[in-house]
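Participant: I'd like to ask you about the structure that follows.
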Amino acid sequence: MSAFAYRSGALFAESVPLARIAAEVGTPAYVYSSGALESAWRGFADALAGMKVTICFALKANSNLAVIRTFALQGAGADVVSAGELERALAAGVPADKIVYSGVGKTEAEMAAALAAGIMQFNVESEPELAALSKVAAGRGQVASIALRMNPDVDAQTHAKITTGRAHNKFGIAAERIPAVYAHASKLPGIKPVGLAVHIGSQLTDLEPFRLAFRRTAETVRALRAAGLNVRRLDLGGGLGVTYRAEVPLRPADYAAVLRAATQGLDCTLVIEPGRALVAEAGVLLTRVIYVKDADGKEGGRRFVIIDAAMNDLIRPMLYDAWHPVRPVTEPASGAPLAVVDLVGPICESGDTFALDRPMPPISAGDLLVIEAAGAYGAVMASGYNSRPLVPEVMVKGGEYAVVRPRQPILDVIGQERLPEWLHAGPP
Ligand code: LLP
């Protein structure tokens, strides 16, 4: 059962009415269900039971400390892509030896921070990065365990902006070059190659691209071993899609079967880096309708439902034309008539929309709505555009809730800024 469901006509997050959160915390606000996070985690953990695999939650999907900690308490590792995410993982209690560090542009300062923390592995994406890591690690008298990220040139059949495994994408090292780079890495000071990493994209709804990519990875492992190189760990990335509209999500059990088949006989320990599939459906963006505006001033024309959330709070519809479900917090009467509306935010850009031509039950100013499946790549991608402070994040557990990030006071935001001396004087 979904963690967000109607009870006696009102939408609840677990056992807390969303209207209560709106009244007490205000809108817009992200609301997460702790139970939904845990059950998504269990879905993976159960499917992978018996395999030697570390599940490293990709923090980029949702890096709120309370979310990371919820997973850490279940035994999760973390996939981080910046010194900031590394700090968050450690602060949330993820053991350093379960942290992998991905990304094409790690700086030397970030490498040093990760070495100081004692992370499990760097996923190295280029030869210049390898040289830099060797210099930093050797300079510190440390040895960095690395996996080379291979670019398998596989089409993940997802949105172009989140496809990462094609030859023309900026990620990884071409499969043909891997043996030479791996051999070179094994001779570098401060570097210990332990395996390969691969990640082909996000929001995949078909297993075939995974199969292809994993097969190419396994072939490369065999080639490396034939050349006398030691390979013992495979990081097979994230990418499992969820249901936003009518997508049939990949079941962790089917994904696990693909992992098993692809890695059978290789005798490698595995790492996976799911992000979206662990958090997307565990979060909603709670928002209030400010105005309902009929473009022609009368019914029957284009109708805009203007809400207090905007593209700066949730940018996925604007950036990827993403479709998110929207529901009223008060359950519509059964058989309520549907009218087609555009659900838009207050920002001065026409792209600030959440849903176009969406059939919705009757909606009035003041009503509460939820934009669903907003737990992944929602709050983490928010900005302060239009001087709209970051919105609160709330976590619900059973009948209680906690504000896990308060609303940012605008005066704090402005207070971060400094006037240069030449602007101190008042106007003449
Ligand atoms: N590992 C690596 C190396 C990645 O680049 C990503 C996502 C993941 C793991 C996690 O993938 P997931 O399981 O979440 O699909 N902002 C976009 C998604 C960007 C994904 C970037 N990389 C969106 O809102 O759809």
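Just remember, in the structure tokens the first chain shown is A, the second B, etc., residues are 1-based per chain, and ligands are 1-based in the order shown.
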Any idea what's packed within 10 Å of Ala382 of chain A, counting only C-alpha atoms, ignoring anything in its chain fewer than 4 positions away? Could you give it as an MDAnalysis selection string?
Facilitator: chainID A and resid 310:316 377:378 388:391
Participant: For ligand 1, return the neighbouring residues as a PyMOL selection string (distance at most 6 Å; only C-alpha atoms and all ligand atoms).
Facilitator: chain A and resi 58+61+102+162+199+202-203+237-240+273-277+316+377
Participant: Kindly export the residues of the current selection with C-alpha atoms, as a compact mmCIF listing (two decimals), in the first residue's frame.
Facilitator:
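In the end it all went to result-v9.txt:
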```
# COMPACT_ATOMS: atom_id res chain seq x y z
CA ALA A 58 23.28 7.52 -4.56
CA ALA A 61 18.84 11.68 -5.47
CA SER A 102 31.94 8.76 -8.47
CA ILE A 162 20.24 11.53 -18.11
CA HIS A 199 26.51 3.32 -14.93
CA SER A 202 18.82 6.94 -14.95
CA GLN A 203 15.09 6.14 -15.03
CA GLY A 237 25.77 1.63 -10.91
CA GLY A 238 22.18 2.71 -10.39
CA GLY A 239 19.48 3.64 -12.84
CA LEU A 240 16.32 1.71 -11.99
CA GLU A 273 24.30 2.64 -6.61
CA PRO A 274 20.53 3.06 -6.72
CA GLY A 275 19.19 6.54 -6.05
CA ARG A 276 15.79 7.27 -7.55
CA ALA A 277 14.25 3.84 -6.92
CA ARG A 316 12.08 18.14 -13.13
CA TYR A 377 15.86 14.77 -7.55
```
Participant: Could you tell me how far atom CA of Ala83 of chain A sits from atom CA of Asn169 of chain A, in Å to one decimal place?
Facilitator: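 Result for atom CA of Asn169 of chain A versus atom CA of Ala83 of chain A: 23.4 Å, one decimal.
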Participant: If you take only C-alpha atoms and a cut-off of 12 Å, which residues of segment 22-105 of chain A touch segment 354-366 of chain A, and what are their nearest atom pairs and distances in Å to one decimal, in chain and number order, as JSON lines?
Facilitator:
```
{"residue": "A:Ala22", "atom": "CA", "partner": "A:Gly366", "partner_atom": "CA", "distance": 11.3}
{"residue": "A:Ala23", "atom": "CA", "partner": "A:Gly366", "partner_atom": "CA", "distance": 11.8}
{"residue": "A:Thr27", "atom": "CA", "partner": "A:Gly366", "partner_atom": "CA", "distance": 11.0}
```
Participant: Using DSSP on the backbone coordinates, identify all residues within segment 104-225 of chain A classified as helix (DSSP H, G or I); present the result as a ChimeraX atom specification.
Facilitator: /A:108-117,127-139,160-162,175-185,208-225
Participant: Write out as a PyMOL selection string all residues of segment 153-236 of chain A that backbone DSSP assigns to strand (DSSP E or B).
Facilitator: chain A and resi 163+173-174+191-197+201+204+233-235
Participant: Could you please determine the separation between atom CA of Lys192 of chain A and atom CA of Ile173 of chain A in Å, to one decimal place?
Facilitator: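 Computing it gives 17.3 Å between the two atoms.
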Participant: Near Gly43 of chain A, within 9 Å and counting only C-alpha atoms, which residues show up once chain neighbours fewer than 4 positions away are dropped, as a list in words?
Facilitator: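 Near Gly43 of chain A, the qualifying residues are Glu38, Ser39, Ala47, Leu48, Arg251, Pro252, Ala253 and Leu278 of chain A.
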Participant: Excluding segment 110-118 of chain A and residues on its chain fewer than 3 positions from it, collect all residues at most 8 Å away from it, counting only C-alpha atoms, and give them as number ranges by chain.
Facilitator: A: 82-83, 86, 96-97, 101, 106-107, 133, 136-137, 142, 144
Participant: Let's have the selection written as a compact mmCIF listing (two decimals), in the first residue's frame, with all heavy atoms.
Facilitator:
```txt
# COMPACT_ATOMS: atom_id res chain seq x y z
N SER A 82 30.76 14.47 -4.52
CA SER A 82 31.39 15.75 -4.17
C SER A 82 31.86 15.65 -2.73
O SER A 82 31.41 14.77 -1.97
CB SER A 82 30.40 16.90 -4.30
OG SER A 82 29.40 16.78 -3.30
N ALA A 83 32.74 16.58 -2.34
CA ALA A 83 33.18 16.62 -0.94
C ALA A 83 31.98 16.89 -0.04
O ALA A 83 31.92 16.40 1.09
CB ALA A 83 34.25 17.69 -0.76
N LEU A 86 30.18 13.71 0.49
CA LEU A 86 31.00 12.87 1.38
C LEU A 86 30.75 13.28 2.84
O LEU A 86 30.52 12.43 3.70
CB LEU A 86 32.48 13.03 1.01
CG LEU A 86 33.48 12.36 1.94
CD1 LEU A 86 33.33 10.84 1.90
CD2 LEU A 86 34.91 12.75 1.56
N ALA A 96 32.74 4.84 6.45
CA ALA A 96 33.59 5.27 5.34
C ALA A 96 33.91 4.11 4.40
O ALA A 96 33.99 4.28 3.18
CB ALA A 96 34.88 5.88 5.88
N ASP A 97 34.04 2.91 4.97
CA ASP A 97 34.43 1.79 4.09
C ASP A 97 33.25 1.24 3.29
O ASP A 97 33.35 0.21 2.65
CB ASP A 97 35.13 0.68 4.90
CG ASP A 97 34.22 0.05 5.94
OD1 ASP A 97 33.02 0.44 6.01
OD2 ASP A 97 34.69 -0.83 6.68
N TYR A 101 33.13 6.86 -4.43
CA TYR A 101 33.17 8.25 -4.89
C TYR A 101 33.18 8.23 -6.42
O TYR A 101 34.12 7.78 -7.05
CB TYR A 101 34.44 8.91 -4.35
CG TYR A 101 34.42 10.42 -4.37
CD1 TYR A 101 34.86 11.15 -3.27
CD2 TYR A 101 33.98 11.14 -5.48
CE1 TYR A 101 34.85 12.54 -3.25
CE2 TYR A 101 33.95 12.52 -5.47
CZ TYR A 101 34.40 13.22 -4.37
OH TYR A 101 34.39 14.59 -4.37
N LYS A 106 36.50 15.10 -10.07
CA LYS A 106 36.94 15.21 -8.67
C LYS A 106 38.16 16.13 -8.60
O LYS A 106 39.12 15.93 -9.35
CB LYS A 106 37.31 13.83 -8.13
CG LYS A 106 36.21 12.79 -8.22
CD LYS A 106 36.74 11.41 -7.83
CE LYS A 106 35.82 10.30 -8.27
NZ LYS A 106 35.99 9.92 -9.70
N THR A 107 38.15 17.06 -7.68
CA THR A 107 39.33 17.92 -7.54
C THR A 107 40.33 17.24 -6.60
O THR A 107 39.97 16.31 -5.86
CB THR A 107 38.95 19.28 -6.94
OG1 THR A 107 38.45 19.06 -5.61
CG2 THR A 107 37.89 19.99 -7.79
N LEU A 133 44.96 11.42 -8.90
CA LEU A 133 44.70 10.62 -7.69
C LEU A 133 46.00 9.95 -7.22
O LEU A 133 46.27 9.88 -6.02
CB LEU A 133 43.60 9.59 -7.96
CG LEU A 133 43.18 8.75 -6.77
CD1 LEU A 133 42.68 9.61 -5.60
CD2 LEU A 133 42.06 7.76 -7.16
N VAL A 136 48.01 12.59 -5.44
CA VAL A 136 47.45 12.98 -4.13
C VAL A 136 47.64 11.84 -3.12
O VAL A 136 48.08 12.07 -1.99
CB VAL A 136 45.96 13.35 -4.25
CG1 VAL A 136 45.35 13.65 -2.88
CG2 VAL A 136 45.78 14.55 -5.18
N ALA A 137 47.32 10.61 -3.54
CA ALA A 137 47.40 9.48 -2.60
C ALA A 137 48.85 9.22 -2.21
O ALA A 137 49.16 9.08 -1.01
CB ALA A 137 46.77 8.23 -3.22
N GLN A 142 49.30 7.20 1.10
CA GLN A 142 48.14 6.28 1.13
C GLN A 142 48.01 5.55 -0.21
O GLN A 142 48.61 5.97 -1.22
CB GLN A 142 46.85 7.07 1.38
CG GLN A 142 46.68 7.53 2.81
CD GLN A 142 45.32 8.18 3.02
OE1 GLN A 142 45.18 9.39 2.87
NE2 GLN A 142 44.32 7.39 3.35
N ALA A 144 45.02 4.41 -2.82
CA ALA A 144 43.59 4.55 -3.15
C ALA A 144 43.13 3.31 -3.91
O ALA A 144 43.71 2.96 -4.94
CB ALA A 144 43.38 5.80 -4.01
```
Participant: Counting only C-alpha atoms, which of A:Ile414, A:Asp342, A:Gly50, A:Lys60 gets nearest to Gly301 of chain A?
Facilitator: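 Ranking A:Ile414, A:Asp342, A:Gly50, A:Lys60 by distance to Gly301 of chain A, first place goes to A:Asp342.
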Participant: Hey, which of A:Val124, A:Leu73, A:Leu204, A:Ala339 ends up closest to Arg302 of chain A? Count only C-alpha atoms.
Facilitator: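 The answer is A:Ala339, which sits nearest to Arg302 of chain A.
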Participant: Counting only C-alpha atoms, which of A:Ala3, A:Ala374, A:Ile307, A:Cys56 gets nearest to Ile290 of chain A?
Facilitator: A:Ile307
Participant: Considering only C-alpha atoms, can you say which of A:Val380, A:Asp294, A:Trp323, A:Pro179 comes closest to Ala246 of chain A?
Facilitator: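 Using only C-alpha atoms, the shortest distance to Ala246 of chain A belongs to A:Trp323.
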Participant: So which residues touch Gly351 of chain A within 9 Å, counting only C-alpha atoms, skipping near sequence neighbours fewer than 6 positions away, as a list in words?
Facilitator: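 Counting only the stated atoms, we get Met311, Pro317, Met318, Leu319 and Val344 of chain A.
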Participant: So how far away is atom CA of Val25 of chain A from atom CA of Met395 of chain A, in Å?
Facilitator: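 So the two atoms, atom CA of Met395 of chain A and atom CA of Val25 of chain A, lie 11.7 Å apart.
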